[in-house]
>>> print(open('structure.txt').read())   # compact mmCIF, C-alpha atoms and all ligand atoms
# COMPACT_ATOMS: atom_id res chain seq x y z
CA MET O 51 15.48 9.14 12.28
CA LEU O 52 16.63 12.75 11.98
CA THR O 53 17.82 13.05 8.38
CA GLU O 54 17.28 14.95 5.16
CA SER O 55 13.63 14.29 4.53
CA PRO O 56 12.99 11.59 3.48
CA GLU O 57 16.30 9.90 2.80
CA LYS O 58 16.77 7.94 -0.46
CA LEU O 59 17.28 4.23 0.07
CA ASN O 60 19.90 3.48 -2.57
CA GLY O 61 19.74 -0.20 -1.71
CA ASP O 62 20.36 0.31 2.01
CA PHE O 63 17.26 0.13 4.21
CA GLU O 64 18.85 -0.27 7.62
CA GLY O 65 17.64 2.29 10.13
CA LYS O 66 15.91 4.39 7.49
CA ASP O 67 12.43 5.85 7.65
CA ILE O 68 10.02 4.70 4.96
CA ILE O 69 7.85 7.73 4.29
CA SER O 70 7.34 8.10 0.54
CA PHE O 71 7.78 6.05 -2.56
CA ASN O 72 10.08 8.75 -3.91
CA GLN O 73 12.80 7.25 -1.66
CA PHE O 74 12.78 4.09 -3.77
CA ASP O 75 14.76 3.11 -6.84
CA THR O 76 14.57 -0.11 -8.84
CA ALA O 77 17.66 -1.62 -7.17
CA SER O 78 16.12 -1.17 -3.71
CA LEU O 79 12.89 -2.79 -4.85
CA ASP O 80 14.84 -5.66 -6.44
CA LYS O 81 16.62 -6.21 -3.16
CA LEU O 82 13.36 -6.31 -1.22
CA PHE O 83 11.62 -8.53 -3.76
CA SER O 84 14.56 -10.95 -3.76
CA ILE O 85 13.80 -12.00 -0.17
CA VAL O 86 10.00 -12.18 -0.42
CA SER O 87 9.98 -15.88 -1.41
CA TYR O 88 12.12 -16.63 1.62
CA MET O 89 9.55 -14.82 3.79
CA ARG O 90 6.72 -16.68 2.09
CA ASN O 91 8.34 -19.97 3.06
CA ILE O 92 8.62 -18.86 6.67
CA ALA O 93 4.91 -17.97 6.72
CA ASN O 94 3.90 -21.17 4.91
CA PRO O 95 6.10 -23.88 6.41
CA PRO O 96 5.67 -27.31 4.88
CA HIS O 97 4.75 -28.72 8.27
CA PRO O 98 1.67 -26.95 9.63
CA LEU O 99 2.46 -27.82 13.25
CA ARG O 100 6.01 -26.46 13.24
CA PRO O 101 5.92 -24.13 16.25
CA SER O 102 8.65 -21.51 15.94
CA ARG O 103 9.25 -20.30 12.44
CA SER O 104 11.93 -17.67 12.49
CA THR O 105 14.02 -15.65 14.89
CA LEU O 106 14.99 -12.95 12.40
CA LEU O 107 13.29 -10.21 14.40
CA GLU O 108 13.82 -11.73 17.83
CA GLY O 109 14.46 -9.01 20.36
CA ASN O 110 12.77 -6.36 18.21
CA LEU O 111 9.67 -4.52 19.31
CA VAL O 112 7.54 -2.84 16.66
CA TYR O 113 5.04 -0.18 17.78
CA LEU O 114 1.97 0.03 15.52
CA VAL O 115 0.30 3.41 16.01
CA PHE O 116 -2.94 3.68 14.06
CA TYR O 117 -4.95 6.91 14.30
CA GLU O 118 -7.18 5.66 11.45
CA PRO O 119 -9.00 2.33 11.02
CA SER O 120 -7.11 -0.54 9.44
CA SER O 121 -7.57 -4.27 8.91
CA ARG O 122 -4.90 -5.36 6.46
CA THR O 123 -2.07 -2.90 7.04
CA CYS O 124 -2.16 -3.20 10.81
CA GLY O 125 -2.92 -6.93 10.78
CA SER O 126 -0.20 -7.78 8.30
CA PHE O 127 2.44 -5.66 10.05
CA GLU O 128 1.60 -7.37 13.33
CA ALA O 129 1.59 -10.81 11.73
CA ALA O 130 4.83 -10.05 9.86
CA THR O 131 6.57 -9.06 13.08
CA LYS O 132 5.37 -12.19 14.89
CA GLN O 133 6.16 -14.51 11.97
CA LEU O 134 9.77 -13.42 12.39
CA GLY O 135 9.87 -13.83 16.16
CA GLY O 136 9.53 -10.13 16.99
CA GLU O 137 7.03 -8.47 19.30
CA ALA O 138 4.36 -5.96 18.33
CA ILE O 139 2.48 -3.43 20.43
CA VAL O 140 -0.70 -2.27 18.71
CA GLU O 141 -1.96 1.19 19.64
CA LYS O 142 -5.23 1.63 17.80
CA ASN O 143 -7.14 4.85 18.17
CA PRO O 144 -4.59 6.75 20.26
CA GLN O 145 -6.79 9.85 20.00
CA GLN O 146 -9.20 8.05 22.30
CA PHE O 147 -7.03 5.77 24.43
CA SER O 148 -3.71 7.57 24.83
CA SER O 149 -2.68 11.01 26.06
CA VAL O 150 -3.63 12.36 22.63
CA ALA O 151 -7.13 12.53 24.19
CA LYS O 152 -5.69 15.00 26.71
CA GLY O 153 -4.28 17.19 23.95
CA GLU O 154 -0.79 15.73 23.54
CA THR O 155 0.90 16.54 20.24
CA LEU O 156 1.84 13.93 17.64
CA GLU O 157 5.48 14.83 18.25
CA ASP O 158 5.35 14.09 22.00
CA THR O 159 3.36 10.89 21.45
CA ILE O 160 5.87 9.62 18.90
CA GLN O 161 8.83 10.41 21.14
CA THR O 162 7.14 8.45 23.91
CA PHE O 163 6.51 5.34 21.82
CA GLU O 164 10.02 5.65 20.41
CA ALA O 165 11.35 5.25 23.95
CA TYR O 166 9.78 1.79 24.17
CA SER O 167 10.42 0.35 20.71
CA ASP O 168 12.76 -0.42 17.83
CA CYS O 169 10.47 0.77 15.03
CA ILE O 170 7.27 2.79 14.73
CA VAL O 171 4.62 2.10 12.09
CA LEU O 172 2.27 5.08 11.87
CA ARG O 173 -1.09 5.65 10.22
CA HIS O 174 -2.49 9.17 10.58
CA PRO O 175 -5.25 11.23 8.95
CA GLU O 176 -2.99 14.19 8.13
CA THR O 177 -0.84 14.26 5.03
CA GLY O 178 2.76 14.80 6.13
CA ALA O 179 2.25 13.31 9.61
CA ALA O 180 4.66 10.43 8.94
CA GLN O 181 7.41 12.88 8.03
CA ARG O 182 6.68 14.93 11.16
CA ALA O 183 6.98 11.75 13.21
CA ALA O 184 10.24 10.80 11.49
CA ASP O 185 11.62 14.28 12.17
CA VAL O 186 11.25 13.83 15.94
CA ALA O 187 12.04 10.10 16.23
CA LYS O 188 15.82 10.23 16.47
CA TYR O 189 16.57 6.65 17.44
CA VAL O 190 14.13 4.39 15.61
CA PRO O 191 12.86 4.23 12.03
CA VAL O 192 9.32 5.37 11.24
CA ILE O 193 7.30 3.56 8.57
CA ASN O 194 4.40 5.39 6.96
CA ALA O 195 1.32 3.17 6.99
CA GLY O 196 -0.79 5.86 5.30
CA ASP O 197 -0.80 9.63 5.91
CA GLY O 198 -4.08 11.29 4.98
CA THR O 199 -4.45 11.59 1.23
CA GLY O 200 -0.66 11.56 0.85
CA GLU O 201 1.06 8.21 0.48
CA HIS O 202 0.98 4.58 1.51
CA PRO O 203 4.38 3.27 0.42
CA THR O 204 4.15 -0.22 1.92
CA GLN O 205 0.88 -0.81 0.07
CA ALA O 206 2.62 0.15 -3.19
CA ILE O 207 5.38 -2.37 -2.43
CA LEU O 208 2.84 -5.19 -2.14
CA ASP O 209 0.89 -3.93 -5.17
CA LEU O 210 4.00 -3.80 -7.34
CA TYR O 211 5.06 -7.21 -6.05
CA THR O 212 1.66 -8.60 -7.01
CA ILE O 213 1.96 -7.24 -10.55
CA TYR O 214 5.48 -8.62 -10.71
CA GLU O 215 4.35 -12.03 -9.51
CA ARG O 216 1.73 -12.17 -12.26
CA HIS O 217 3.67 -10.62 -15.16
CA HIS O 218 7.34 -11.14 -14.18
CA ARG O 219 8.17 -7.54 -15.02
CA LEU O 220 7.38 -4.00 -13.90
CA ASP O 221 8.21 -2.22 -17.16
CA ASN O 222 6.39 -2.06 -20.49
CA LEU O 223 3.04 -2.40 -18.75
CA ILE O 224 -0.31 -0.96 -19.69
CA GLY O 225 -2.54 -0.71 -16.64
CA LEU O 226 -5.74 0.76 -15.34
CA ILE O 227 -6.30 2.53 -12.02
CA ALA O 228 -9.92 3.31 -11.18
CA GLY O 229 -11.86 5.09 -8.47
CA ASP O 230 -10.61 7.87 -6.22
CA ILE O 231 -7.41 9.00 -7.88
CA LYS O 232 -7.42 12.34 -6.08
CA ASN O 233 -7.68 11.15 -2.48
CA GLY O 234 -6.39 7.58 -2.72
CA ARG O 235 -2.98 7.46 -1.05
CA THR O 236 -2.39 3.91 -2.30
CA VAL O 237 -2.83 5.20 -5.85
CA HIS O 238 -0.33 8.00 -5.31
CA SER O 239 2.37 5.63 -4.09
CA LEU O 240 1.62 3.05 -6.79
CA LEU O 241 1.93 5.69 -9.52
CA GLU O 242 5.27 6.76 -8.07
CA GLY O 243 6.39 3.14 -8.15
CA LEU O 244 5.29 2.59 -11.75
CA SER O 245 7.14 5.75 -12.79
CA LEU O 246 10.45 4.15 -11.73
CA TYR O 247 10.29 1.69 -14.61
CA PRO O 248 10.49 2.45 -18.35
CA ASN O 249 7.61 2.40 -20.83
CA ASN O 250 4.71 2.15 -18.42
CA THR O 251 1.31 3.51 -19.40
CA VAL O 252 -1.54 4.03 -16.94
CA TYR O 253 -5.17 4.79 -17.71
CA LEU O 254 -6.91 6.63 -14.88
CA LEU O 255 -10.67 6.06 -14.69
CA SER O 256 -12.47 8.37 -12.28
CA PRO O 257 -15.23 10.92 -12.03
CA GLU O 258 -14.03 14.39 -13.05
CA GLN O 259 -14.02 15.51 -9.37
CA LEU O 260 -11.65 12.71 -8.32
CA ARG O 261 -8.87 13.19 -10.83
CA LEU O 262 -5.17 13.35 -10.06
CA GLN O 263 -3.95 16.71 -8.76
CA PRO O 264 -2.16 18.65 -11.54
CA ASP O 265 1.17 18.94 -9.71
CA THR O 266 1.26 15.19 -9.01
CA MET O 267 0.42 14.57 -12.66
CA ARG O 268 3.24 16.85 -13.82
CA GLY O 269 5.79 15.10 -11.60
CA LEU O 270 4.82 11.65 -12.89
CA LEU O 271 4.85 12.74 -16.53
CA SER O 272 8.27 14.30 -16.07
CA ARG O 273 9.55 10.92 -14.85
CA GLY O 274 8.34 9.29 -18.06
CA LEU O 275 5.08 7.64 -17.01
CA SER O 276 2.42 7.88 -19.73
CA ILE O 277 -0.97 8.79 -18.28
CA PHE O 278 -4.38 8.92 -19.94
CA GLU O 279 -7.49 10.04 -18.11
CA ILE O 280 -10.68 8.26 -19.16
CA ASP O 281 -14.34 8.77 -18.23
CA THR O 282 -16.07 5.49 -18.93
CA ILE O 283 -15.56 1.78 -18.53
CA GLU O 284 -15.91 1.48 -22.31
CA ASP O 285 -12.60 3.36 -22.67
CA ILE O 286 -10.59 0.69 -20.79
CA PRO O 287 -7.95 -0.68 -23.16
CA GLN O 288 -8.39 -4.41 -23.75
CA GLU O 289 -4.64 -4.97 -23.44
CA ALA O 290 -4.44 -3.67 -19.83
CA SER O 291 -2.35 -6.14 -17.86
CA PHE O 292 -3.60 -4.97 -14.47
CA TRP O 293 -6.70 -3.27 -13.10
CA TYR O 294 -6.33 -1.52 -9.78
CA TRP O 295 -9.75 -0.63 -8.45
CA THR O 296 -10.23 1.62 -5.41
CA ARG O 297 -13.06 2.89 -3.24
CA VAL O 298 -14.08 6.54 -3.08
CA GLN O 299 -12.49 7.84 0.15
CA LYS O 300 -15.63 8.91 2.00
CA GLU O 301 -13.71 10.17 5.04
CA ARG O 302 -11.97 12.82 2.93
CA PHE O 303 -15.24 14.56 1.96
CA ILE O 304 -16.52 17.50 4.01
CA ASN O 305 -19.84 17.43 2.17
CA LEU O 306 -21.42 13.97 2.05
CA ASP O 307 -23.74 14.96 -0.82
CA GLU O 308 -20.64 15.43 -2.93
CA TYR O 309 -19.51 11.94 -1.92
CA GLU O 310 -22.85 10.43 -2.92
CA GLN O 311 -22.59 12.12 -6.32
CA VAL O 312 -19.32 10.38 -7.16
CA ASN O 313 -19.52 7.14 -5.21
CA ASN O 314 -19.69 3.84 -7.09
CA LYS O 315 -19.80 5.34 -10.56
CA PHE O 316 -17.68 2.44 -11.80
CA ILE O 317 -18.44 -1.08 -10.63
CA VAL O 318 -16.64 -4.26 -11.66
CA THR O 319 -19.05 -7.09 -12.41
CA PRO O 320 -18.55 -10.38 -14.26
CA ALA O 321 -20.11 -8.72 -17.33
CA VAL O 322 -17.60 -5.85 -17.22
CA LEU O 323 -14.74 -8.34 -17.00
CA GLU O 324 -16.19 -10.34 -19.85
CA SER O 325 -16.38 -7.29 -22.12
CA TYR O 326 -13.26 -5.29 -21.28
CA ALA O 327 -10.59 -7.46 -19.65
CA SER O 328 -8.06 -9.80 -21.20
CA ASN O 329 -7.34 -13.24 -19.75
CA GLU O 330 -3.88 -12.07 -18.62
CA MET O 331 -5.19 -9.10 -16.65
CA VAL O 332 -4.76 -9.23 -12.87
CA LEU O 333 -7.57 -7.56 -10.89
CA MET O 334 -6.33 -5.83 -7.74
CA HIS O 335 -7.87 -3.67 -5.01
CA PRO O 336 -6.13 -2.37 -1.86
CA LEU O 337 -9.37 -3.03 0.09
CA PRO O 338 -11.66 -2.29 1.78
CA ARG O 339 -14.18 -2.44 -1.05
CA VAL O 340 -17.58 -0.93 -0.49
CA GLY O 341 -19.52 -2.07 -3.51
CA GLU O 342 -17.17 -1.20 -6.38
CA ILE O 343 -16.36 -4.88 -7.07
CA THR O 344 -19.33 -7.21 -6.78
CA LYS O 345 -18.92 -10.31 -4.63
CA ASN O 346 -19.48 -12.66 -7.58
CA VAL O 347 -16.26 -11.38 -9.17
CA ASP O 348 -14.24 -12.97 -6.34
CA LEU O 349 -14.19 -16.39 -7.92
CA ASP O 350 -12.80 -15.10 -11.20
CA PRO O 351 -9.23 -16.44 -11.41
CA ARG O 352 -8.00 -12.94 -12.32
CA ALA O 353 -9.19 -11.50 -8.98
CA VAL O 354 -6.30 -11.53 -6.47
CA TYR O 355 -7.35 -8.90 -3.90
CA LEU O 356 -8.35 -11.62 -1.46
CA GLY O 357 -6.75 -14.62 -3.05
CA ARG O 358 -6.08 -18.18 -2.11
CA ARG O 359 -3.04 -19.66 -0.43
CA ASP O 360 -2.19 -21.68 -3.52
CA GLY O 361 -2.43 -18.73 -5.91
CA ILE O 362 -1.57 -15.05 -6.02
CA SER O 363 -2.95 -13.20 -3.02
CA GLN O 364 -2.57 -9.47 -2.67
CA ILE O 365 -3.36 -9.56 1.06
CA ARG O 366 -0.86 -12.32 1.80
CA ASN O 367 1.70 -10.49 -0.33
CA GLY O 368 1.15 -7.64 2.13
CA MET O 369 2.43 -9.84 4.94
CA TYR O 370 5.36 -11.30 2.98
CA THR O 371 6.58 -7.92 1.70
CA ARG O 372 6.23 -6.35 5.17
CA MET O 373 8.26 -9.22 6.63
CA ALA O 374 10.93 -8.40 4.05
CA LEU O 375 10.75 -4.66 4.71
CA LEU O 376 10.94 -4.97 8.51
CA SER O 377 13.92 -7.34 8.24
CA LEU O 378 15.77 -4.89 6.04
CA VAL O 379 14.89 -1.75 8.02
CA LEU O 380 15.74 -3.41 11.34
CA GLY O 381 19.02 -4.70 9.93
CA SER O 382 18.28 -8.43 10.32
CA VAL O 383 18.85 -8.96 6.60
CA HIS O 384 21.45 -7.04 4.57
C1 LIG J 401 -6.16 1.68 2.01
C2 LIG J 401 -5.80 2.87 2.86
O1 LIG J 401 -5.95 2.86 4.07
O2 LIG J 401 -5.32 3.82 2.26
N1 LIG J 401 -6.32 0.51 2.73
C3 LIG J 401 -5.23 -0.27 2.92
O3 LIG J 401 -4.33 0.07 3.64
N2 LIG J 401 -5.17 -1.42 2.24
C4 LIG J 401 -7.22 1.91 1.03
C5 LIG J 401 -8.53 2.47 1.48
O4 LIG J 401 -8.76 2.70 2.67
O5 LIG J 401 -9.36 2.68 0.61
>>> encode(input="structure.txt", output="structure tokens")
Amino acid sequence: MLTESPEKLNGDFEGKDIISFNQFDTASLDKLFSIVSYMRNIANPPHPLRPSRSTLLEGNLVYLVFYEPSSRTCGSFEAATKQLGGEAIVEKNPQQFSSVAKGETLEDTIQTFEAYSDCIVLRHPETGAAQRAADVAKYVPVINAGDGTGEHPTQAILDLYTIYERHHRLDNLIGLIAGDIKNGRTVHSLLEGLSLYPNNTVYLLSPEQLRLQPDTMRGLLSRGLSIFEIDTIEDIPQEASFWYWTRVQKERFINLDEYEQVNNKFIVTPAVLESYASNEMVLMHPLPRVGEITKNVDLDPRAVYLGRRDGISQIRNGMYTRMALLSLVLGSVH
């Protein structure tokens, strides 16, 4: 929608673009979180053969426009829409299969898809692309599903919800974020989210080359988040209540030798968990993982990045929280 960019939510999601986590406040997150259990029950009905689960989004058409690869974000947005009786059109790889291949601009493409839909969910390799899309889409909200190395606000919603589900609070936390802090858009949005709550401390574990950009660091510190940069797994504080591991973002490197130098410096194994993690810690990863958490960690009860249906599951939380977000943005829930 054409507004001041991007508009603060202040507890009212209806018709608004979701571009950056800096639009959020704790009351807006509380409101969203308060309907997640309801969404979970829709997605997990007691009777497995019950055919039609919800009509909350009936009559709504969500256009998923993904210029970059995606499994979970695209899949969960599509599933979320369908769980609520809405329709989804998935446009993967528009640079190959749409008029983008003929040289059409992002702006024209977005205005075209806007003409057919009630909401656009956009993933794009350029930082700022979601805002550009929101600036031209006058009639439907645009949701940022990841813009380059910028932000990934809906991932941060599910990540914060997962921490909340495990610890029943989002303040007074000590946590660890590891991997590609510089290029990881999920990390940037998660840090913004953690900075909304008082007394949070985050340890950032990364190679020197993949540290947080100084201006981002300054903004977070000014909002009261305590941040410590560490260089080795041995420096992880035992009392960390969450670990958020990430992959090194290969596609952001121009020089692949530089990628090889920093890739997989820090790998979670059962031995690492045994030595440095508490029993209360929740081990998260936005996925995909490419070697930075070994497969034999998956069965550890603290690992929730895949998760089971009867326990905490970060990927299923992605669907539940996106059901909640779509319902609020499309005005089906107030
Ligand atoms: C992330 C992304 O695309 O930023 N994936 C996701 O949406 N869960 C993380 C990544 O690609 O490393």
>>> residues_around(input="structure.txt", residues="Ile365 in chain O", least_positions_apart="3", cutoff="8 Å", atoms="only C-alpha atoms", output="PDB file with C-alpha atoms, in the coordinates of the input")
ATOM      1  CA  ARG O 122      -4.900  -5.360   6.460  1.00  0.00           C
ATOM      2  CA  TYR O 355      -7.350  -8.900  -3.900  1.00  0.00           C
ATOM      3  CA  LEU O 356      -8.350 -11.620  -1.460  1.00  0.00           C
ATOM      4  CA  GLY O 357      -6.750 -14.620  -3.050  1.00  0.00           C
ATOM      5  CA  GLY O 368       1.150  -7.640   2.130  1.00  0.00           C
ATOM      6  CA  MET O 369       2.430  -9.840   4.940  1.00  0.00           C
TER       7      MET O 369
END
>>> atom_distance(input="structure.txt", atom1="CA of Arg302 in chain O", atom2="CA of Gln259 in chain O")
12.8 Å
>>> residues_near_ligand(input="structure.txt", ligand="ligand LIG 401 (chain J)", cutoff="7 Å", atoms="all atoms listed in the file", output="list in words")
Ser120, Arg122, Thr123, Gly196, His202, Gln205, Gly234, Arg235, Thr236, Thr296, Arg297, Gln299, Pro336, Leu337 and Pro338 of chain O
>>> write_last_selection(input="structure.txt", atoms="C-alpha atoms", output="PDB file, keeping the file's coordinate frame")
ATOM      1  CA  SER O 120      -7.110  -0.540   9.440  1.00  0.00           C
ATOM      2  CA  ARG O 122      -4.900  -5.360   6.460  1.00  0.00           C
ATOM      3  CA  THR O 123      -2.070  -2.900   7.040  1.00  0.00           C
ATOM      4  CA  GLY O 196      -0.790   5.860   5.300  1.00  0.00           C
ATOM      5  CA  HIS O 202       0.980   4.580   1.510  1.00  0.00           C
ATOM      6  CA  GLN O 205       0.880  -0.810   0.070  1.00  0.00           C
ATOM      7  CA  GLY O 234      -6.390   7.580  -2.720  1.00  0.00           C
ATOM      8  CA  ARG O 235      -2.980   7.460  -1.050  1.00  0.00           C
ATOM      9  CA  THR O 236      -2.390   3.910  -2.300  1.00  0.00           C
ATOM     10  CA  THR O 296     -10.230   1.620  -5.410  1.00  0.00           C
ATOM     11  CA  ARG O 297     -13.060   2.890  -3.240  1.00  0.00           C
ATOM     12  CA  GLN O 299     -12.490   7.840   0.150  1.00  0.00           C
ATOM     13  CA  PRO O 336      -6.130  -2.370  -1.860  1.00  0.00           C
ATOM     14  CA  LEU O 337      -9.370  -3.030   0.090  1.00  0.00           C
ATOM     15  CA  PRO O 338     -11.660  -2.290   1.780  1.00  0.00           C
TER      16      PRO O 338
END
>>> residues_near_point(input="structure.txt", point="(1.7, 0.9, 6.2)", cutoff="10 Å", atoms="all atoms listed in the file", output="PyMOL selection string")
chain O and resi 68-69+114+116+120+122-124+126-127+171-173+193-197+201-207+236+368+372
>>> atom_distance(input="structure.txt", atom1="CA of Trp293 in chain O", atom2="CA of Met331 in chain O")
7.0 Å
>>> closest_residue(input="structure.txt", among="O:Asn72, O:Thr266, O:Asn346, O:Gln364", to="Leu210 in chain O", atoms="all atoms listed in the file")
O:Gln364
>>> atom_distance(input="structure.txt", atom1="CA of Val298 in chain O", atom2="CA of Lys232 in chain O")
9.3 Å
>>> closest_residue(input="structure.txt", among="O:Tyr166, O:Lys132, O:Val115, O:Phe303", to="Gln145 in chain O", atoms="only C-alpha atoms")
O:Val115
>>> residues_around(input="structure.txt", residues="Arg358 in chain O", least_positions_apart="6", cutoff="12 Å", atoms="all atoms listed in the file", output="PyMOL selection string")
chain O and resi 348-352+364-367
>>> residues_around(input="structure.txt", residues="Ser382 in chain O", least_positions_apart="6", cutoff="12 Å", atoms="all atoms listed in the file", output="list of chain:residue names")
O:Phe63, O:Glu64, O:Gly65, O:Ile85, O:Ser104, O:Thr105, O:Leu106, O:Leu107, O:Glu108, O:Gly109, O:Asn110, O:Leu134, O:Gly135, O:Gly136, O:Met373, O:Ala374, O:Leu375, O:Leu376
>>> decode(input="structure.txt", residues="range 203-215 of chain O", atoms="N, CA and C atoms", output="short mmCIF file (atom, residue, chain, number, x, y, z; two decimals), in the first residue's frame")
data_model
loop_
_atom_site.label_atom_id
_atom_site.label_comp_id
_atom_site.auth_asym_id
_atom_site.auth_seq_id
_atom_site.Cartn_x
_atom_site.Cartn_y
_atom_site.Cartn_z
N PRO O 203 11.06 -10.59 7.99
CA PRO O 203 10.27 -10.39 9.21
C PRO O 203 9.38 -11.56 9.61
N THR O 204 8.83 -12.29 8.62
CA THR O 204 7.92 -13.38 9.02
C THR O 204 8.70 -14.55 9.62
N GLN O 205 9.98 -14.69 9.24
CA GLN O 205 10.81 -15.71 9.89
C GLN O 205 11.06 -15.32 11.34
N ALA O 206 11.29 -14.02 11.58
CA ALA O 206 11.53 -13.58 12.97
C ALA O 206 10.28 -13.80 13.82
N ILE O 207 9.10 -13.63 13.23
CA ILE O 207 7.87 -13.89 14.00
C ILE O 207 7.85 -15.34 14.47
N LEU O 208 8.15 -16.27 13.56
CA LEU O 208 8.09 -17.68 13.96
C LEU O 208 9.24 -18.03 14.90
N ASP O 209 10.39 -17.38 14.72
CA ASP O 209 11.52 -17.65 15.62
C ASP O 209 11.21 -17.15 17.03
N LEU O 210 10.67 -15.94 17.12
CA LEU O 210 10.32 -15.41 18.44
C LEU O 210 9.22 -16.26 19.08
N TYR O 211 8.27 -16.68 18.25
CA TYR O 211 7.19 -17.51 18.80
C TYR O 211 7.76 -18.82 19.35
N THR O 212 8.74 -19.37 18.67
CA THR O 212 9.34 -20.63 19.11
C THR O 212 10.07 -20.44 20.44
N ILE O 213 10.77 -19.35 20.59
CA ILE O 213 11.44 -19.05 21.87
C ILE O 213 10.38 -18.88 22.96
N TYR O 214 9.32 -18.17 22.60
CA TYR O 214 8.24 -17.92 23.56
C TYR O 214 7.57 -19.22 23.99
N GLU O 215 7.37 -20.10 23.03
CA GLU O 215 6.72 -21.38 23.33
C GLU O 215 7.57 -22.19 24.31
#
